[in-house]
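input12.txt (compact mmCIF, C-alpha atoms)
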```
# COMPACT_ATOMS: atom_id res chain seq x y z
CA PHE A 1 140.06 18.64 93.47
CA LEU A 2 140.02 14.86 93.38
CA SER A 3 143.71 14.85 92.51
CA PRO A 4 146.00 14.87 95.57
CA SER A 5 148.48 17.16 93.80
CA LEU A 6 145.77 19.74 93.07
CA ARG A 7 144.51 19.60 96.65
CA GLY A 8 148.07 20.03 97.88
CA ARG A 9 148.64 23.02 95.61
CA ALA A 10 145.36 24.63 96.66
CA SER A 11 146.20 24.27 100.35
CA SER A 12 149.79 25.49 99.86
CA ILE A 13 148.69 28.79 98.30
CA THR A 14 147.89 30.21 101.74
CA SER A 15 151.00 28.79 103.43
CA THR A 16 153.33 31.55 104.59
CA ALA A 17 156.14 29.03 105.15
CA TYR A 18 156.98 29.35 101.45
CA GLU A 19 158.35 32.88 100.90
CA PRO A 20 156.75 33.57 97.47
CA ASN A 21 153.35 32.64 98.95
CA ALA A 22 153.96 34.91 101.94
CA GLU A 23 154.70 37.82 99.60
CA ARG A 24 151.68 36.99 97.44
CA LEU A 25 149.43 37.08 100.52
CA GLU A 26 150.92 40.45 101.51
CA MET A 27 150.17 41.71 97.99
CA TRP A 28 146.55 40.63 98.32
CA GLN A 29 146.27 42.38 101.68
CA ALA A 30 147.84 45.52 100.21
CA GLY A 31 145.32 45.35 97.37
CA ARG A 32 142.48 45.04 99.88
CA ARG A 33 143.73 48.18 101.65
CA MET A 34 144.05 50.03 98.31
CA ILE A 35 140.45 49.11 97.52
CA GLN A 36 139.33 50.31 100.95
CA ASP A 37 141.17 53.62 100.47
CA HIS A 38 140.03 54.13 96.84
CA PRO A 39 136.86 52.03 96.40
CA LEU A 40 135.14 53.68 93.46
CA LEU A 41 137.84 54.43 90.87
CA GLY A 42 140.95 52.78 92.34
CA VAL A 43 144.49 54.12 92.51
CA GLY A 44 144.79 54.53 88.75
CA THR A 45 145.75 52.24 85.91
CA GLY A 46 149.49 51.73 85.58
CA THR A 47 150.34 53.40 88.90
CA MET A 48 151.07 50.26 90.91
CA HIS A 49 154.85 50.89 90.90
CA GLN A 50 154.27 54.32 92.43
CA ILE A 51 151.49 53.40 94.87
CA SER A 52 152.57 49.96 96.11
CA PRO A 53 155.42 51.18 98.37
CA LEU A 54 152.82 53.00 100.47
CA TYR A 55 151.14 49.64 101.12
CA GLN A 56 154.21 47.41 101.39
CA SER A 57 155.56 46.22 104.71
CA GLU A 58 158.93 47.53 105.88
CA LYS A 59 160.34 44.08 105.10
CA ARG A 60 159.27 44.29 101.43
CA ARG A 61 160.12 47.91 100.61
CA PRO A 62 163.88 47.32 100.09
CA GLU A 63 163.01 44.71 97.42
CA GLY A 64 161.42 47.46 95.33
CA PRO A 65 157.86 48.34 94.39
CA TRP A 66 155.37 45.78 93.16
CA GLY A 67 154.21 46.08 89.57
CA HIS A 68 151.13 43.95 90.15
CA LEU A 69 149.37 42.12 92.99
CA HIS A 70 149.41 38.47 91.82
CA ASN A 71 145.61 38.29 91.56
CA SER A 72 143.79 39.64 88.52
CA TYR A 73 140.61 40.48 90.42
CA VAL A 74 142.35 42.23 93.32
CA ASN A 75 144.65 44.03 90.88
CA VAL A 76 141.80 45.26 88.66
CA ALA A 77 139.80 46.42 91.70
CA ALA A 78 142.83 48.17 93.22
CA GLU A 79 143.83 49.95 89.99
CA ARG A 80 140.39 50.65 88.51
CA GLY A 81 138.14 50.52 91.57
CA LEU A 82 135.02 48.50 92.12
CA LEU A 83 133.42 50.11 89.06
CA GLY A 84 136.33 48.88 86.95
CA LEU A 85 136.06 45.39 88.45
CA LEU A 86 132.32 45.38 87.69
CA ALA A 87 133.02 46.42 84.08
CA PHE A 88 135.72 43.73 83.76
CA LEU A 89 133.44 41.00 85.13
CA THR A 90 130.56 42.20 82.93
CA PHE A 91 132.80 41.92 79.87
CA ILE A 92 133.82 38.38 80.86
CA LEU A 93 130.19 37.40 81.49
CA ILE A 94 129.08 38.73 78.09
CA LEU A 95 131.97 36.95 76.37
CA ALA A 96 131.17 33.67 78.13
CA SER A 97 127.45 33.95 77.32
CA GLU A 98 128.18 34.64 73.63
CA LEU A 99 130.43 31.60 73.45
CA TRP A 100 127.91 29.44 75.31
CA ARG A 101 125.08 30.48 72.97
CA GLY A 102 127.24 29.61 69.95
CA TYR A 103 128.20 26.26 71.46
CA CYS A 104 124.56 25.41 72.17
CA ALA A 105 123.68 26.38 68.60
CA CYS A 106 126.22 23.82 67.37
CA VAL A 107 125.09 21.08 69.74
CA TYR A 108 121.36 21.41 69.12
CA LEU A 109 121.36 22.01 65.37
CA PRO A 110 119.30 19.44 63.47
CA SER A 111 122.19 18.78 61.09
CA ALA A 112 124.59 17.82 63.89
CA GLY A 113 127.27 15.58 62.47
CA ASP A 114 128.10 18.00 59.69
CA ASP A 115 131.90 18.46 59.68
CA ALA A 116 131.68 22.29 59.70
CA ILE A 117 129.38 22.23 62.73
CA GLU A 118 131.62 19.75 64.55
CA GLU A 119 134.65 21.94 63.84
CA SER A 120 132.79 25.01 65.08
CA LYS A 121 131.78 23.16 68.24
CA ILE A 122 135.41 22.26 68.97
CA ILE A 123 136.63 25.83 68.35
CA ILE A 124 133.95 27.36 70.58
CA LEU A 125 134.52 24.76 73.32
CA THR A 126 138.24 25.57 73.16
CA GLY A 127 137.33 29.22 73.73
CA LEU A 128 135.09 28.36 76.70
CA LEU A 129 137.72 26.14 78.30
CA GLY A 130 140.46 28.69 77.61
CA LEU A 131 138.33 31.38 79.26
CA ALA A 132 137.74 29.14 82.29
CA GLY A 133 141.47 28.43 82.61
CA TRP A 134 142.34 32.10 82.24
CA LEU A 135 139.83 33.03 84.96
CA VAL A 136 141.14 30.36 87.35
CA ALA A 137 144.76 31.42 86.72
CA GLY A 138 143.71 34.96 87.61
CA PHE A 139 143.26 33.95 91.25
CA THR A 140 147.02 33.55 91.79
CA GLU A 141 148.51 35.59 88.94
CA THR A 142 147.77 38.93 87.31
CA VAL A 143 147.05 37.54 83.86
CA VAL A 144 145.68 40.88 82.65
CA HIS A 145 149.23 42.37 82.63
CA ASP A 146 151.14 39.57 80.89
CA SER A 147 151.40 40.44 77.20
CA ASN A 148 152.14 36.85 76.14
CA VAL A 149 149.12 35.52 78.00
CA LEU A 150 146.92 38.36 76.76
CA MET A 151 147.88 37.92 73.12
CA MET A 152 147.05 34.22 73.28
CA PHE A 153 143.80 35.06 75.10
CA TYR A 154 142.85 37.59 72.41
CA PHE A 155 143.74 35.15 69.65
CA VAL A 156 141.75 32.21 71.07
CA MET A 157 138.78 34.36 72.15
CA GLY A 158 138.69 36.17 68.80
CA ILE A 159 138.56 32.96 66.79
CA ALA A 160 136.03 31.36 69.15
CA LEU A 161 133.83 34.46 69.23
CA ALA A 162 133.90 34.84 65.44
CA THR A 163 133.01 31.16 65.04
CA SER A 164 130.22 31.47 67.62
CA ARG A 165 128.72 34.52 65.96
CA GLY A 166 128.96 32.82 62.56
CA ARG A 167 126.99 29.83 63.87
CA LEU A 168 124.37 32.08 65.47
CA LYS A 169 124.07 34.07 62.23
CA ASN A 170 123.45 30.83 60.31
CA LEU A 171 120.48 30.08 62.55
CA LYS A 172 118.64 33.23 61.48
```

Have the structure of the file written as structure tokens, please.
Amino acid sequence: FLSPSLRGRASSITSTAYEPNAERLEMWQAGRRMIQDHPLLGVGTGTMHQISPLYQSEKRRPEGPWGHLHNSYVNVAAERGLLGLLAFLTFILILASELWRGYCACVYLPSAGDDAIEESKIIILTGLLGLAGWLVAGFTETVVHDSNVLMMFYFVMGIALATSRGRLKNLK
């Protein structure tokens, strides 16, 4: 947030003067109402096209139904309920902790400097940073529904997780 352009972008997200932001904010409010109406199990996975018109404003309905809510966390909670959101966040926390443990194993190994360990450290750090970026992007986009983003996420996380577990296995 030291960069003026990042501060400007962060403050513009809530500006309704820009039409895409206004619609995004309406989507988040609709998601909040969906969560209030269906808190435990949500409205159902893959039903956003059918359910969203019930929560859209009269102004937005002619544009067609929304397929997602432009926020991964709101979208997961609306579709799968608070239990689904808890499961999603638990999965992310376990993934992050596995990667962190593997990274620490690389950093604090007595043979640090070994090329294989340095390579593992870079791969695992890439996974951690990729996860952080994916989580931040989820605040303004529904990254859990974009197949291109998900395939890259699976690819990077799979390689990083396999590397992390390999390093942890070598410690035993």

Measure the distance from atom CA of A:Leu83 to atom CA of A:Leu41 in Å and round it to one decimal.
-> 6.4 Å

Residues around (130.8, 25.0, 63.6), cut-off 7 Å, counting only C-alpha atoms - what are they as a PyMOL selection string?
-> chain A and resi 106+116-121+163+167

Starting from the point (139.0, 31.3, 62.1), work out which residues of protein, DNA or RNA have an atom no more than 12 Å away when counting only C-alpha atoms; state them as an MDAnalysis selection string.
-> chainID A and resid 116 119:120 122:124 127 155:166

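Taking all atoms listed in the file into account, A:Pro65 lies nearest to A:Ala30 out of the set A:Ala30, A:Ile94, A:Leu168, A:Leu40.
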
Where's the centre, and what are the edge lengths in Å to one decimal, of a box along x, y and z enclosing all listed atoms of stretch 49-58 of chain A padded 4 Å per side, as AutoDock Vina command-line options?
```
--center_x 155.0 --center_y 50.3 --center_z 98.4 --size_x 15.8 --size_y 16.1 --size_z 23.0
```

Pick the closest to A:Thr142 from A:Ile35, A:Leu25, A:Ile51, A:Leu69: which is it, counting only C-alpha atoms?
->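 Looking only at the distances to A:Thr142, the closest residue turns out to be A:Leu69.
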
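Counting from atom CA of A:Leu86, the distance to atom CA of A:Met151 is 22.6 Å.
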
If we count only C-alpha atoms, what is near A:Ser11 at a cut-off of 12 Å, once residues fewer than 6 positions away on the same chain are taken out, given as a list in words?
->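 Near A:Ser11, the qualifying residues are Phe1, Pro4, Ser5, Tyr18 and Asn21 of chain A.
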
Export C-alpha atoms of the chosen residues as a short mmCIF file (atom, residue, chain, number, x, y, z; two decimals), in the frame of the given file?
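Result file is again.cif:
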```
data_model
loop_
_atom_site.label_atom_id
_atom_site.label_comp_id
_atom_site.auth_asym_id
_atom_site.auth_seq_id
_atom_site.Cartn_x
_atom_site.Cartn_y
_atom_site.Cartn_z
CA PHE A 1 140.06 18.64 93.47
CA PRO A 4 146.00 14.87 95.57
CA SER A 5 148.48 17.16 93.80
CA TYR A 18 156.98 29.35 101.45
CA ASN A 21 153.35 32.64 98.95
#
```

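Minimum atom-to-atom distance to A:Glu58, evaluated using all atoms listed in the file, belongs to A:Glu26 out of A:Ala132, A:Glu26, A:Phe139, A:Met152.
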
Pick from A:Leu128, A:Thr16, A:Leu135, A:Arg9 nearest to A:Leu95, counting all atoms listed in the file |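 Checking each of A:Leu128, A:Thr16, A:Leu135, A:Arg9 against A:Leu95, counting all atoms listed in the file, the winner is A:Leu128.
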
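Closest approach to A:Glu98 from the set A:Ile13, A:Leu6, A:Leu125, A:Val149 is made by A:Leu125, with distances taken over all atoms listed in the file.
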
Counting only C-alpha atoms, which of A:Phe91, A:Arg80, A:Tyr73, A:Ser57 gets nearest to A:Ala22?
-> A:Ser57

Rounded to one decimal place, report the atom CA of A:Trp66-atom CA of A:Ser52 distance in Å.
-> 5.8 Å

Contacts of A:Arg33 at 10 Å (only C-alpha atoms; same-chain gap of 5+ positions) as a list in words | Met27, Trp28, His38, Pro39, Tyr55 and Ala78 of chain A

Could stretch 57-68 of chain A be completed with all heavy atoms and written as a PDB file, keeping the file's coordinate frame, please?
```pdb
ATOM      1  N   SER A  57     154.987  46.287 103.371  1.00  0.00           N
ATOM      2  CA  SER A  57     155.560  46.220 104.710  1.00  0.00           C
ATOM      3  C   SER A  57     156.999  46.726 104.666  1.00  0.00           C
ATOM      4  O   SER A  57     157.607  46.780 103.599  1.00  0.00           O
ATOM      5  CB  SER A  57     155.512  44.786 105.237  1.00  0.00           C
ATOM      6  OG  SER A  57     156.364  43.966 104.461  1.00  0.00           O
ATOM      7  N   GLU A  58     157.533  47.078 105.807  1.00  0.00           N
ATOM      8  CA  GLU A  58     158.930  47.530 105.880  1.00  0.00           C
ATOM      9  C   GLU A  58     159.874  46.464 105.349  1.00  0.00           C
ATOM     10  O   GLU A  58     160.896  46.771 104.741  1.00  0.00           O
ATOM     11  CB  GLU A  58     159.298  47.873 107.338  1.00  0.00           C
ATOM     12  CG  GLU A  58     158.574  49.095 107.872  1.00  0.00           C
ATOM     13  CD  GLU A  58     158.921  50.366 107.114  1.00  0.00           C
ATOM     14  OE1 GLU A  58     160.081  50.513 106.681  1.00  0.00           O
ATOM     15  OE2 GLU A  58     158.027  51.201 106.938  1.00  0.00           O
ATOM     16  N   LYS A  59     159.523  45.203 105.566  1.00  0.00           N
ATOM     17  CA  LYS A  59     160.340  44.080 105.100  1.00  0.00           C
ATOM     18  C   LYS A  59     160.423  44.040 103.570  1.00  0.00           C
ATOM     19  O   LYS A  59     161.455  43.688 103.003  1.00  0.00           O
ATOM     20  CB  LYS A  59     159.742  42.777 105.639  1.00  0.00           C
ATOM     21  CG  LYS A  59     160.424  41.527 105.155  1.00  0.00           C
ATOM     22  CD  LYS A  59     159.700  40.298 105.660  1.00  0.00           C
ATOM     23  CE  LYS A  59     160.283  39.037 105.061  1.00  0.00           C
ATOM     24  NZ  LYS A  59     159.524  37.850 105.420  1.00  0.00           N
ATOM     25  N   ARG A  60     159.344  44.402 102.892  1.00  0.00           N
ATOM     26  CA  ARG A  60     159.270  44.290 101.430  1.00  0.00           C
ATOM     27  C   ARG A  60     159.773  45.529 100.694  1.00  0.00           C
ATOM     28  O   ARG A  60     160.166  45.431  99.529  1.00  0.00           O
ATOM     29  CB  ARG A  60     157.832  44.012 100.993  1.00  0.00           C
ATOM     30  CG  ARG A  60     157.227  42.763 101.560  1.00  0.00           C
ATOM     31  CD  ARG A  60     157.789  41.537 100.918  1.00  0.00           C
ATOM     32  NE  ARG A  60     157.193  40.368 101.565  1.00  0.00           N
ATOM     33  CZ  ARG A  60     157.743  39.195 101.583  1.00  0.00           C
ATOM     34  NH1 ARG A  60     158.883  38.989 100.982  1.00  0.00           N
ATOM     35  NH2 ARG A  60     157.156  38.192 102.201  1.00  0.00           N
ATOM     36  N   ARG A  61     159.748  46.674 101.312  1.00  0.00           N
ATOM     37  CA  ARG A  61     160.120  47.910 100.610  1.00  0.00           C
ATOM     38  C   ARG A  61     161.520  47.874 100.001  1.00  0.00           C
ATOM     39  O   ARG A  61     161.701  48.337  98.873  1.00  0.00           O
ATOM     40  CB  ARG A  61     159.977  49.106 101.544  1.00  0.00           C
ATOM     41  CG  ARG A  61     158.565  49.594 101.597  1.00  0.00           C
ATOM     42  CD  ARG A  61     158.452  50.974 102.204  1.00  0.00           C
ATOM     43  NE  ARG A  61     157.049  51.175 102.521  1.00  0.00           N
ATOM     44  CZ  ARG A  61     156.585  51.485 103.706  1.00  0.00           C
ATOM     45  NH1 ARG A  61     157.417  51.696 104.707  1.00  0.00           N
ATOM     46  NH2 ARG A  61     155.305  51.614 103.909  1.00  0.00           N
ATOM     47  N   PRO A  62     162.542  47.343 100.696  1.00  0.00           N
ATOM     48  CA  PRO A  62     163.880  47.320 100.090  1.00  0.00           C
ATOM     49  C   PRO A  62     163.950  46.491  98.799  1.00  0.00           C
ATOM     50  O   PRO A  62     164.836  46.710  97.967  1.00  0.00           O
ATOM     51  CB  PRO A  62     164.766  46.707 101.175  1.00  0.00           C
ATOM     52  CG  PRO A  62     164.044  46.945 102.452  1.00  0.00           C
ATOM     53  CD  PRO A  62     162.590  46.911 102.102  1.00  0.00           C
ATOM     54  N   GLU A  63     163.029  45.552  98.620  1.00  0.00           N
ATOM     55  CA  GLU A  63     163.010  44.710  97.420  1.00  0.00           C
ATOM     56  C   GLU A  63     162.506  45.474  96.198  1.00  0.00           C
ATOM     57  O   GLU A  63     162.601  44.991  95.080  1.00  0.00           O
ATOM     58  CB  GLU A  63     162.132  43.479  97.653  1.00  0.00           C
ATOM     59  CG  GLU A  63     162.636  42.583  98.764  1.00  0.00           C
ATOM     60  CD  GLU A  63     161.634  41.507  99.155  1.00  0.00           C
ATOM     61  OE1 GLU A  63     160.592  41.365  98.473  1.00  0.00           O
ATOM     62  OE2 GLU A  63     161.902  40.816 100.139  1.00  0.00           O
ATOM     63  N   GLY A  64     161.945  46.644  96.420  1.00  0.00           N
ATOM     64  CA  GLY A  64     161.420  47.460  95.330  1.00  0.00           C
ATOM     65  C   GLY A  64     159.908  47.398  95.258  1.00  0.00           C
ATOM     66  O   GLY A  64     159.272  46.556  95.891  1.00  0.00           O
ATOM     67  N   PRO A  65     159.330  48.288  94.480  1.00  0.00           N
ATOM     68  CA  PRO A  65     157.860  48.340  94.390  1.00  0.00           C
ATOM     69  C   PRO A  65     157.302  47.161  93.604  1.00  0.00           C
ATOM     70  O   PRO A  65     157.975  46.584  92.764  1.00  0.00           O
ATOM     71  CB  PRO A  65     157.592  49.655  93.669  1.00  0.00           C
ATOM     72  CG  PRO A  65     158.828  49.909  92.877  1.00  0.00           C
ATOM     73  CD  PRO A  65     159.964  49.317  93.661  1.00  0.00           C
ATOM     74  N   TRP A  66     156.073  46.831  93.899  1.00  0.00           N
ATOM     75  CA  TRP A  66     155.370  45.780  93.160  1.00  0.00           C
ATOM     76  C   TRP A  66     154.775  46.385  91.891  1.00  0.00           C
ATOM     77  O   TRP A  66     154.238  47.483  91.898  1.00  0.00           O
ATOM     78  CB  TRP A  66     154.241  45.185  93.991  1.00  0.00           C
ATOM     79  CG  TRP A  66     154.682  44.464  95.214  1.00  0.00           C
ATOM     80  CD1 TRP A  66     155.788  43.670  95.356  1.00  0.00           C
ATOM     81  CD2 TRP A  66     154.029  44.449  96.483  1.00  0.00           C
ATOM     82  NE1 TRP A  66     155.854  43.157  96.632  1.00  0.00           N
ATOM     83  CE2 TRP A  66     154.774  43.620  97.343  1.00  0.00           C
ATOM     84  CE3 TRP A  66     152.881  45.034  96.981  1.00  0.00           C
ATOM     85  CZ2 TRP A  66     154.414  43.365  98.658  1.00  0.00           C
ATOM     86  CZ3 TRP A  66     152.520  44.797  98.286  1.00  0.00           C
ATOM     87  CH2 TRP A  66     153.283  43.975  99.116  1.00  0.00           C
ATOM     88  N   GLY A  67     154.828  45.637  90.816  1.00  0.00           N
ATOM     89  CA  GLY A  67     154.210  46.080  89.570  1.00  0.00           C
ATOM     90  C   GLY A  67     152.792  45.566  89.404  1.00  0.00           C
ATOM     91  O   GLY A  67     152.014  46.087  88.616  1.00  0.00           O
ATOM     92  N   HIS A  68     152.468  44.532  90.169  1.00  0.00           N
ATOM     93  CA  HIS A  68     151.130  43.950  90.150  1.00  0.00           C
ATOM     94  C   HIS A  68     150.927  43.209  91.476  1.00  0.00           C
ATOM     95  O   HIS A  68     151.859  43.087  92.269  1.00  0.00           O
ATOM     96  CB  HIS A  68     150.939  43.029  88.957  1.00  0.00           C
ATOM     97  CG  HIS A  68     151.862  41.855  88.960  1.00  0.00           C
ATOM     98  ND1 HIS A  68     153.166  41.940  88.498  1.00  0.00           N
ATOM     99  CD2 HIS A  68     151.699  40.584  89.389  1.00  0.00           C
ATOM    100  CE1 HIS A  68     153.747  40.760  88.640  1.00  0.00           C
ATOM    101  NE2 HIS A  68     152.882  39.921  89.186  1.00  0.00           N
TER     102      HIS A  68
END
```
